Structures are given as structure tokens and as C-alpha cells.
>>> print(open('entry-v7.cif').read())   # mmCIF, C-alpha atoms
data_my_file
#
loop_
_atom_site.label_atom_id
_atom_site.label_comp_id
_atom_site.auth_asym_id
_atom_site.auth_seq_id
_atom_site.Cartn_x
_atom_site.Cartn_y
_atom_site.Cartn_z
CA MET A 16 34.56 42.03 0.42
CA SER A 17 32.74 41.69 -2.87
CA SER A 18 29.07 40.97 -3.29
CA TYR A 19 30.10 37.58 -4.64
CA ALA A 20 31.47 36.55 -1.23
CA GLN A 21 28.20 36.75 0.70
CA ARG A 22 26.74 33.68 2.34
CA PRO A 23 24.84 31.45 -0.10
CA LEU A 24 21.15 32.27 -0.52
CA LEU A 25 18.54 29.62 -1.30
CA VAL A 26 15.95 30.79 -3.88
CA HIS A 27 12.72 29.12 -5.03
CA PHE A 28 11.19 29.96 -8.42
CA SER A 29 7.56 28.83 -8.53
CA GLY A 30 5.57 28.81 -11.76
CA GLY A 31 1.79 28.97 -11.42
CA SER A 32 -0.98 31.52 -11.08
CA GLU A 33 0.72 33.67 -8.43
CA GLY A 34 3.76 35.89 -8.23
CA ARG A 35 4.95 39.35 -9.12
CA TRP A 36 6.30 38.34 -12.55
CA ARG A 37 3.86 37.79 -15.46
CA VAL A 38 5.05 35.32 -18.09
CA ASP A 39 5.32 36.76 -21.61
CA SER A 40 6.74 33.66 -23.28
CA MET A 41 8.27 30.27 -22.51
CA THR A 42 10.54 28.81 -25.18
CA ALA A 43 12.19 25.39 -25.02
CA VAL A 44 15.52 26.33 -26.63
CA LYS A 45 16.95 22.83 -26.25
CA GLY A 46 15.52 19.63 -24.79
CA GLN A 47 12.29 19.23 -22.87
CA GLY A 48 10.25 22.32 -21.93
CA LEU A 49 8.31 23.06 -18.76
CA PRO A 50 4.51 23.28 -18.39
CA HIS A 51 3.33 26.75 -19.36
CA VAL A 52 2.37 29.01 -16.44
CA ALA A 53 0.90 32.52 -16.16
CA ARG A 54 3.14 33.85 -13.40
CA ILE A 55 6.39 33.19 -11.56
CA SER A 56 7.26 34.06 -7.97
CA MET A 57 10.83 34.30 -6.70
CA ALA A 58 11.17 33.57 -2.94
CA GLU A 59 14.47 34.00 -1.12
CA GLY A 60 15.42 31.96 1.96
CA GLU A 61 14.49 28.67 3.57
CA GLY A 62 10.75 29.36 3.91
CA PRO A 63 8.24 27.29 1.93
CA ALA A 64 7.96 28.13 -1.76
CA THR A 65 4.79 29.62 -3.23
CA PRO A 66 2.60 26.70 -4.34
CA GLY A 67 2.80 26.31 -8.11
CA THR A 68 2.62 24.03 -11.12
CA TRP A 69 6.37 23.61 -10.75
CA THR A 70 9.09 24.85 -8.42
CA LEU A 71 12.80 25.10 -9.17
CA ARG A 72 15.41 25.61 -6.43
CA GLY A 73 18.93 26.95 -6.52
CA PHE A 74 21.49 28.71 -4.33
CA THR A 75 23.78 31.63 -4.98
CA SER A 76 27.41 30.82 -4.24
CA ASN A 77 31.00 31.93 -4.73
CA THR A 78 32.12 32.19 -8.36
CA ARG A 79 33.74 29.07 -9.81
CA TYR A 80 35.85 30.34 -12.74
CA THR A 81 36.35 34.07 -12.16
CA THR A 82 39.87 35.39 -11.68
CA ARG A 83 40.74 38.37 -9.47
CA VAL A 84 41.10 40.63 -12.53
CA GLU A 85 37.69 39.57 -13.85
CA LEU A 86 36.05 39.79 -10.42
CA THR A 87 37.31 43.35 -9.95
CA SER A 88 35.81 44.33 -13.33
CA LEU A 89 32.54 42.56 -12.51
CA ASN A 90 32.22 44.25 -9.13
CA ALA A 91 33.01 47.69 -10.60
CA LYS A 92 30.12 47.39 -13.09
CA SER A 93 27.70 45.17 -11.20
CA ALA A 94 24.00 46.04 -10.97
CA ASN A 95 21.56 45.18 -8.19
CA LEU A 96 18.32 43.31 -8.67
CA ALA A 97 14.99 45.07 -8.03
CA ARG A 98 15.87 48.37 -9.71
CA PRO A 99 12.63 50.33 -10.29
CA GLU A 100 13.26 50.67 -14.05
CA ALA A 101 14.04 46.96 -14.53
CA THR A 102 10.51 45.80 -15.25
CA ARG A 103 11.55 42.98 -17.58
CA ALA A 104 13.22 39.75 -16.54
CA ALA A 105 14.28 36.39 -17.89
CA LEU A 106 14.55 33.07 -16.07
CA ILE A 107 16.73 30.66 -18.04
CA PRO A 108 17.13 27.20 -16.50
CA ILE A 109 20.07 25.29 -18.03
CA ARG A 110 21.38 21.76 -17.77
CA LYS A 111 24.83 20.82 -19.03
CA SER A 112 25.83 17.37 -20.26
CA PRO A 113 27.60 14.62 -18.28
CA ALA A 114 30.60 15.31 -20.56
CA TRP A 115 30.84 18.83 -19.09
CA TRP A 116 30.79 17.57 -15.53
CA ALA A 117 33.44 14.94 -16.33
CA LEU A 118 35.89 17.72 -17.26
CA ALA A 119 38.55 18.87 -14.80
CA GLN A 120 38.60 22.44 -13.47
CA ASP A 121 41.26 23.66 -15.93
CA GLU A 122 39.36 22.17 -18.87
CA ARG A 123 36.08 23.79 -17.80
CA ARG A 124 37.79 27.14 -17.22
CA SER A 125 39.40 26.95 -20.68
CA ILE A 126 36.06 26.38 -22.40
CA TYR A 127 34.10 28.81 -20.20
CA GLU A 128 36.39 31.79 -20.57
CA ASP A 129 39.46 31.28 -22.77
CA GLN A 130 37.40 29.83 -25.62
CA SER A 131 33.89 31.20 -24.95
CA LYS A 132 34.57 34.55 -23.17
CA HIS A 133 31.58 34.03 -20.86
CA THR A 134 32.57 36.61 -18.23
CA THR A 135 34.10 39.02 -20.76
CA ILE A 136 30.87 39.08 -22.79
CA GLY A 137 28.68 39.39 -19.69
CA ILE A 138 30.63 42.40 -18.42
CA GLU A 139 29.93 44.25 -21.70
CA TYR A 140 26.22 44.29 -20.85
CA LEU A 141 26.62 45.56 -17.28
CA PRO A 142 25.11 47.47 -15.60
CA GLN A 143 22.09 47.43 -17.95
CA ILE A 144 21.53 43.66 -17.68
CA ALA A 145 21.60 42.64 -14.00
CA ARG A 146 22.22 38.94 -13.42
CA ARG A 147 22.09 36.42 -10.59
CA LEU A 148 23.24 32.82 -10.93
CA HIS A 149 21.67 30.03 -8.87
CA HIS A 150 23.30 26.58 -8.62
CA SER A 151 20.83 23.68 -8.78
CA ARG A 152 22.75 20.54 -9.73
CA ASP A 153 24.08 19.93 -6.23
CA LEU A 154 20.49 19.88 -4.90
CA GLY A 155 19.52 17.00 -7.22
CA GLU A 156 17.36 19.35 -9.31
CA PRO A 157 16.43 18.76 -12.98
CA PHE A 158 18.56 21.75 -14.06
CA ASP A 159 22.18 22.58 -13.20
CA PHE A 160 21.73 26.38 -13.16
CA LEU A 161 18.89 28.88 -12.90
CA THR A 162 20.05 32.15 -14.43
CA TRP A 163 17.99 35.25 -13.63
CA PHE A 164 18.28 38.56 -15.48
CA GLU A 165 16.57 41.93 -14.91
CA PHE A 166 16.60 44.89 -17.29
CA ALA A 167 14.59 47.88 -18.50
CA PRO A 168 12.36 47.36 -21.58
CA GLU A 169 14.72 49.40 -23.79
CA HIS A 170 17.53 46.93 -23.09
CA GLU A 171 15.72 43.78 -24.20
CA ALA A 172 17.42 43.92 -27.63
CA ALA A 173 20.82 44.09 -25.95
CA PHE A 174 19.81 41.13 -23.78
CA ASP A 175 18.87 39.13 -26.89
CA GLU A 176 22.27 39.94 -28.38
CA LEU A 177 24.02 38.81 -25.18
CA LEU A 178 22.18 35.47 -25.30
CA ALA A 179 22.93 34.99 -29.01
CA ARG A 180 26.65 35.52 -28.39
CA LEU A 181 26.75 33.07 -25.47
CA ARG A 182 24.70 30.46 -27.34
CA ALA A 183 27.11 30.64 -30.31
CA ALA A 184 30.14 29.92 -28.10
CA LYS A 185 31.80 26.56 -27.55
CA GLU A 186 30.53 26.39 -23.95
CA TRP A 187 26.97 26.04 -25.26
CA THR A 188 27.80 22.79 -27.09
CA TYR A 189 27.68 21.30 -23.55
CA VAL A 190 24.15 22.62 -22.87
CA GLU A 191 21.62 19.82 -23.30
CA ARG A 192 18.51 21.51 -21.87
CA GLU A 193 17.60 25.20 -21.88
CA ILE A 194 14.33 27.07 -21.42
CA ASP A 195 13.98 30.81 -22.05
CA ILE A 196 11.22 32.35 -19.92
CA ARG A 197 10.54 36.07 -20.45
CA LEU A 198 8.70 38.09 -17.80
CA GLN A 199 7.20 41.47 -17.01
CA ARG A 200 6.83 42.86 -13.53
CA ASP A 201 3.59 44.15 -12.08
CA GLY A 202 4.15 47.59 -10.62
CA MET B 10 33.92 9.18 -16.95
CA SER B 11 35.65 9.48 -13.61
CA SER B 12 34.09 8.77 -10.25
CA TYR B 13 34.31 12.51 -9.61
CA ALA B 14 31.75 13.20 -12.34
CA GLN B 15 28.86 11.29 -10.81
CA ARG B 16 25.64 13.04 -9.86
CA PRO B 17 25.88 14.82 -6.50
CA LEU B 18 24.92 12.70 -3.50
CA LEU B 19 23.36 14.18 -0.35
CA VAL B 20 24.77 12.69 2.86
CA HIS B 21 23.61 13.14 6.48
CA PHE B 22 26.00 12.53 9.37
CA SER B 23 24.06 12.10 12.62
CA GLY B 24 25.77 12.03 15.99
CA GLY B 25 23.89 10.32 18.84
CA SER B 26 23.42 6.86 20.31
CA GLU B 27 22.89 5.04 16.99
CA GLY B 28 24.97 4.24 13.95
CA ARG B 29 27.59 1.85 12.70
CA TRP B 30 30.54 4.04 13.71
CA ARG B 31 31.58 4.23 17.40
CA VAL B 32 33.23 7.48 18.44
CA ASP B 33 36.77 7.09 19.82
CA SER B 34 37.49 10.78 20.30
CA MET B 35 36.20 14.24 19.41
CA THR B 36 38.76 17.03 19.39
CA ALA B 37 37.99 20.69 18.73
CA VAL B 38 41.11 21.55 16.71
CA LYS B 39 40.02 25.16 16.15
CA GLY B 40 36.95 27.11 17.20
CA GLN B 41 33.83 25.74 18.85
CA GLY B 42 33.43 21.98 19.28
CA LEU B 43 30.32 19.83 18.93
CA PRO B 44 28.44 18.03 21.74
CA HIS B 45 30.09 14.69 22.46
CA VAL B 46 28.22 11.65 21.12
CA ALA B 47 28.74 7.88 21.35
CA ARG B 48 28.05 6.98 17.72
CA ILE B 49 27.72 8.45 14.25
CA SER B 50 25.56 7.22 11.39
CA MET B 51 26.17 8.15 7.77
CA ALA B 52 23.02 8.10 5.60
CA GLU B 53 23.17 8.62 1.83
CA GLY B 54 20.29 10.11 -0.17
CA GLU B 55 17.27 12.32 0.44
CA GLY B 56 15.63 10.14 3.11
CA PRO B 57 15.31 11.43 6.67
CA ALA B 58 18.48 11.36 8.74
CA THR B 59 18.87 9.10 11.77
CA PRO B 60 17.65 11.09 14.81
CA GLY B 61 20.60 12.34 16.80
CA THR B 62 22.04 14.98 19.10
CA TRP B 63 23.23 16.78 15.99
CA THR B 64 23.06 16.22 12.23
CA LEU B 65 25.38 17.67 9.61
CA ARG B 66 24.51 17.65 5.89
CA GLY B 67 26.67 17.88 2.79
CA PHE B 68 26.73 16.85 -0.87
CA THR B 69 29.42 15.30 -3.01
CA SER B 70 30.08 17.32 -6.16
CA ASN B 71 32.51 17.89 -9.03
CA THR B 72 36.02 18.93 -8.00
CA ARG B 73 36.65 22.67 -7.80
CA TYR B 74 40.44 23.02 -8.16
CA THR B 75 41.70 19.79 -9.70
CA THR B 76 43.38 19.92 -13.12
CA ARG B 77 43.19 17.12 -15.69
CA VAL B 78 46.69 15.94 -14.81
CA GLU B 79 45.83 15.81 -11.10
CA LEU B 80 42.44 14.19 -11.72
CA THR B 81 44.05 11.43 -13.79
CA SER B 82 46.50 10.72 -10.94
CA LEU B 83 43.70 10.78 -8.37
CA ASN B 84 41.51 8.40 -10.36
CA ALA B 85 44.40 5.99 -10.95
CA LYS B 86 45.03 5.65 -7.20
CA SER B 87 41.55 6.23 -5.79
CA ALA B 88 40.09 3.93 -3.15
CA ASN B 89 36.45 3.11 -2.52
CA LEU B 90 34.66 3.58 0.78
CA ALA B 91 33.40 0.54 2.71
CA ARG B 92 36.47 -1.67 2.21
CA PRO B 93 36.29 -4.57 4.70
CA GLU B 94 39.73 -3.79 6.17
CA ALA B 95 39.00 -0.08 6.62
CA THR B 96 37.56 -0.30 10.12
CA ARG B 97 38.76 3.16 11.20
CA ALA B 98 37.36 6.47 10.00
CA ALA B 99 37.56 10.18 10.65
CA LEU B 100 34.88 12.82 10.18
CA ILE B 101 36.47 16.27 10.06
CA PRO B 102 34.01 19.17 9.66
CA ILE B 103 35.76 22.37 8.58
CA ARG B 104 34.71 25.99 8.17
CA LYS B 105 36.88 28.48 6.30
CA SER B 106 36.92 32.22 6.94
CA PRO B 107 35.01 34.94 5.05
CA ALA B 108 38.43 36.04 3.73
CA TRP B 109 38.76 32.69 1.92
CA TRP B 110 35.35 32.99 0.29
CA ALA B 111 36.11 36.56 -0.80
CA LEU B 112 39.04 35.28 -2.89
CA ALA B 113 38.71 34.77 -6.64
CA GLN B 114 39.08 31.32 -8.22
CA ASP B 115 42.72 31.84 -9.27
CA GLU B 116 43.65 33.08 -5.79
CA ARG B 117 42.00 30.08 -4.10
CA ARG B 118 43.63 27.65 -6.55
CA SER B 119 47.03 29.24 -5.90
CA ILE B 120 46.72 28.80 -2.14
CA TYR B 121 45.08 25.36 -2.31
CA GLU B 122 47.57 23.70 -4.62
CA ASP B 123 50.48 25.88 -5.78
CA GLN B 124 51.29 26.99 -2.22
CA SER B 125 49.75 24.22 -0.07
CA LYS B 126 49.95 21.10 -2.35
CA HIS B 127 46.59 19.86 -1.08
CA THR B 128 45.94 17.38 -3.91
CA THR B 129 49.61 16.42 -4.29
CA ILE B 130 49.84 15.53 -0.60
CA GLY B 131 46.51 13.68 -0.61
CA ILE B 132 47.56 11.49 -3.54
CA GLU B 133 50.63 10.30 -1.60
CA TYR B 134 48.33 8.60 0.91
CA LEU B 135 46.14 6.81 -1.67
CA PRO B 136 44.89 4.14 -1.81
CA GLN B 137 45.44 3.50 1.93
CA ILE B 138 43.48 6.55 3.06
CA ALA B 139 40.13 6.69 1.22
CA ARG B 140 38.46 10.09 1.24
CA ARG B 141 35.11 11.64 0.34
CA LEU B 142 34.45 15.37 0.42
CA HIS B 143 30.98 16.76 1.19
CA HIS B 144 30.12 20.43 0.51
CA SER B 145 28.00 22.05 3.22
CA ARG B 146 28.36 25.82 2.91
CA ASP B 147 25.87 26.12 0.05
CA LEU B 148 23.22 24.42 2.23
CA GLY B 149 23.50 27.11 4.92
CA GLU B 150 25.17 24.63 7.29
CA PRO B 151 27.49 25.60 10.19
CA PHE B 152 30.50 24.03 8.40
CA ASP B 153 31.72 24.55 4.82
CA PHE B 154 32.99 21.00 4.30
CA LEU B 155 32.55 17.59 5.89
CA THR B 156 35.59 15.47 5.07
CA TRP B 157 35.31 11.72 5.58
CA PHE B 158 38.24 9.30 5.62
CA GLU B 159 38.37 5.51 5.93
CA PHE B 160 41.49 3.41 6.54
CA ALA B 161 42.79 0.24 8.16
CA PRO B 162 44.07 0.48 11.78
CA GLU B 163 47.70 0.10 10.64
CA HIS B 164 47.38 3.27 8.53
CA GLU B 165 46.21 5.60 11.31
CA ALA B 166 49.78 6.91 11.80
CA ALA B 167 49.99 7.74 8.10
CA PHE B 168 46.63 9.50 8.38
CA ASP B 169 47.91 11.58 11.31
CA GLU B 170 50.92 12.54 9.21
CA LEU B 171 48.67 13.55 6.29
CA LEU B 172 46.62 15.79 8.58
CA ALA B 173 49.74 17.35 10.14
CA ARG B 174 51.08 18.25 6.68
CA LEU B 175 47.81 19.81 5.54
CA ARG B 176 47.36 21.73 8.80
CA ALA B 177 50.87 23.19 8.46
CA ALA B 178 50.15 24.55 4.98
CA LYS B 179 49.08 28.10 4.07
CA GLU B 180 45.55 26.93 3.15
CA TRP B 181 44.91 26.09 6.82
CA THR B 182 45.44 29.73 7.88
CA TYR B 183 41.95 30.22 6.38
CA VAL B 184 40.38 27.47 8.55
CA GLU B 185 38.48 29.05 11.44
CA ARG B 186 36.67 25.98 12.80
CA GLU B 187 37.75 22.35 12.69
CA ILE B 188 36.70 19.26 14.67
CA ASP B 189 38.54 15.94 14.43
CA ILE B 190 36.23 12.98 15.15
CA ARG B 191 37.85 9.52 15.16
CA LEU B 192 35.72 6.41 14.71
CA GLN B 193 35.77 2.62 14.74
CA ARG B 194 33.37 0.47 12.81
CA ASP B 195 31.29 -2.29 14.35
CA GLY B 196 31.76 -5.47 12.35
#
>>> encode(input="entry-v7.cif", output="C-alpha cells")
Amino acid sequence: MSSYAQRPLLVHFSGGSEGRWRVDSMTAVKGQGLPHVARISMAEGEGPATPGTWTLRGFTSNTRYTTRVELTSLNAKSANLARPEATRAALIPIRKSPAWWALAQDERRSIYEDQSKHTTIGIEYLPQIARRLHHSRDLGEPFDFLTWFEFAPEHEAAFDELLARLRAAKEWTYVEREIDIRLQRDG
Amino acid sequence: MSSYAQRPLLVHFSGGSEGRWRVDSMTAVKGQGLPHVARISMAEGEGPATPGTWTLRGFTSNTRYTTRVELTSLNAKSANLARPEATRAALIPIRKSPAWWALAQDERRSIYEDQSKHTTIGIEYLPQIARRLHHSRDLGEPFDFLTWFEFAPEHEAAFDELLARLRAAKEWTYVEREIDIRLQRDG
């Protein structure tokens, strides 16, 4: 069984003065930003979140668009979180438009992969850029997804390239709010 | 925009001595049952659930397998909940196996529709049998889905036929827990 088939995990991201991740920059790429904070904590499970200026919640889940062929490639190259050398991270909350959510499954799949190559592009940057997707929309949160990336400092340029390629794709015309938060880990 | 594109709605189903729906029968179709209760209340939104012997939570969401062609058919025949004549209901909590959740999207779609005709069969019984699907797995609940049906008394035989057809399909070989709760509305 692949790592993508595990039970869903609830995760709280709290922005404030506490947490292992120090904020380097917060950029409102599209739409409204979030109040600037000094640190972010990531807490897994049902327990109470670290108190903060803001808290965002999401859950990991099964993949929604990935075919067996793609999933096999993903699993073969996948990278774990919390690698010692991965001292840089990015938290990128995203909200898509009502037009996206009005699409049927085949229409979303066509834009996501056939036209935008989302999974194909992501696989190119594995295992250097580890990634975990958290679903937020179904919890009534202000964002639809909280994407979390971890990488070593020497791979930040590759990460920027990955983001530029995704943001240039058709899928991103459906993104109406996006914040790019860059982080460094203490110790 | 279709009714399937609305914002997710959190729903609590509480079994106990209160609620508008009187329990006619509770049948453990597969796996462990639930404690028998006299009534079930259905509460929409974030507010606290009605106190009960047990409470199950789920959220409505976008469809996961439905193509544009299927969605157009569904929307053309869809029926609302709370029709005056629909005094019968069924709450059917379902859990699928880890093997199901380990499948990729194309494999799940193939079983769900190409092999089991889930949507095709469901459409045949619209608008008589109104249906709302609630997702529970991502909330860490004991069931993966809470399916809710409403219909007039004269359509209960058709509803039984619908269930028999779905339960005979390949998709149901992945169901490891299922409870069939039949209800009548007061007033």
C-alpha cells in the first residue's frame, strides 16, 4: 500500500511568535494576504493548535487526480518530510475559484494534468522537493489547499522554478488567492 | 453553477431519543452495527449536534468521479431534500476497505462507474429517490460515507431495488461495514 493510502491526518498551521519554523518572507501572490508573523508551527493530529495570530487547518487524503501509472512514479521518487538537510520550507495556501469547483471530475483532471502537467512537473523535482498536500475547503476554511514543501537550501532555486512552471499553467487561471510563505527551520 | 458546486456543508446525524426522524429499523448489512436508537436528528452547519447515543459527522463536497455528461444528467433529474411527500428516509453509513483507498483515481473510477454503473443506476431512480452524500473519512470518523435518501412511501420498493443493484456490483466488494437505517418523518 502506498503512502498516499494512509488514513487522513489533520494538521494545524499556526502563525504567531512560536514554532520551529522562522518566517523569512510572506508574499501575497494573488488576492488578500495574511497578517505577517514571525514563526509558524505545524501540529499533526486532533490536539489543540498552538495559539497564534492565525491558524489554518487541513487534512491529508487520498489523491484525487492521480492515475496508477503516475502514482507508481510518485511513490518510487517520493521524499519524506523532516529530513535533516531540509532546513527550508514553504507553506503556500491556495484558494481556487467557484468556476473550478463547478467543473466535473473529467474537466478538472483534463486541466490539472492533460493541459497543466501538474503531477508530471512535480515528479521532476522529487526527491529534492518533498511535498505534502492538505485539503481545507471541506472544513469551511478560507483556503482550499495548504501545500507544504521541504527542501535543502541548495534546492531553493529549483523550488522557485517548479512554482514558476505551475503558476504559468492553465490550472493556475483558476487560482484566486495564493500566499507564498518561506521558512527556515531552527536546528 | 450546479448544486454540486456549492460550498461544503457539515452535517451531524445524532441517534438518540430526539429528532424529527423515527427509526423503523436498523440493520447491520456488513460488519459491526450501531447501538439501536429511537430517533435520529440531522443538523446542518457548525453548531453543536443534538445530544445522542451516537453522532456521525460528514460534509457534502464536489463530486469525485462524475463526468460532465453524467453531471448534466444528474442535475437535470435531481430532487431536493425536504419534499413534503418524502416522509421516508434511509441513513446508510458505509466504510470501504484499505484496498479501495490504496487504488489510484483511474482504478477507483473504473470500478465505481465503468464496472459498477453507480451513477448510471442512481440516475434511473431520480427524481423519486432524493440523495445526499456526506464524506466522513477525512474527518477521522468510523465510516467513510454517510448516504442519506428521502422518498415517498410508495417508492420504498424502488429504493430497495436500487440498493440491491448497487450491493450486487463490484464496487460493493470493497465495502467492509454498512448499516441500513430506515426512518419515518413526523409531520
>>> residues_around(input="entry-v7.cif", residues="region 20-22 of chain B", least_positions_apart="3", cutoff="7 Å", atoms="all atoms listed in the file", output="ChimeraX atom specification")
/B:49-54,58,64-68
>>> closest_residue(input="entry-v7.cif", among="A:Ser93, A:Thr102, A:Ser29, A:Thr65", to="His51 (chain A)", atoms="all atoms listed in the file")
A:Ser29
>>> closest_residue(input="entry-v7.cif", among="A:Arg180, A:Lys111, A:Arg197, A:Arg79", to="Thr135 (chain A)", atoms="all atoms listed in the file")
A:Arg180
>>> resolve_selection(input="entry-v7.cif", expression="the PyMOL selection byres ((chain A) within 8 of (chain B))", output="PyMOL selection string")
chain A and resi 16-17+19-20+22-25+74-83+86+113-114+116-122+152-155
>>> resolve_selection(input="entry-v7.cif", expression="the PyMOL selection byres ((chain A and resi 139-147) around 7)", output="list in words")
Lys92, Ser93, Ala94, Asn95, Leu96, Thr135, Ile136, Gly137, Ile138, Leu148, His149, Thr162, Trp163, Phe164, Glu165, Phe166, His170 and Phe174 of chain A
>>> residues_around(input="entry-v7.cif", residues="Ala37 (chain B)", least_positions_apart="2", cutoff="12 Å", atoms="only C-alpha atoms", output="NGL selection string")
:B and (34-35 or 39-45 or 101-103 or 185-191)
>>> resolve_selection(input="entry-v7.cif", expression="the PyMOL selection byres ((chain A and resi 32) around 7)", output="number ranges by chain")
A: 31, 33, 52-54
>>> write_last_selection(input="entry-v7.cif", atoms="C-alpha atoms", output="CSV table (one decimal), in the frame of the given file")
chain,number,residue,atom,x,y,z
A,31,GLY,CA,1.8,29.0,-11.4
A,33,GLU,CA,0.7,33.7,-8.4
A,52,VAL,CA,2.4,29.0,-16.4
A,53,ALA,CA,0.9,32.5,-16.2
A,54,ARG,CA,3.1,33.8,-13.4
>>> atom_distance(input="entry-v7.cif", atom1="CA of Gln130 (chain A)", atom2="CA of Ser112 (chain A)")
17.8 Å
>>> atom_distance(input="entry-v7.cif", atom1="CA of Ala101 (chain A)", atom2="CA of Arg200 (chain A)")
8.4 Å
>>> atom_distance(input="entry-v7.cif", atom1="CA of Ala178 (chain B)", atom2="CA of Ser145 (chain B)")
22.4 Å
>>> closest_residue(input="entry-v7.cif", among="A:Ile126, A:Leu89, A:Ala172, A:Leu106", to="Thr188 (chain A)", atoms="all atoms listed in the file")
A:Ile126
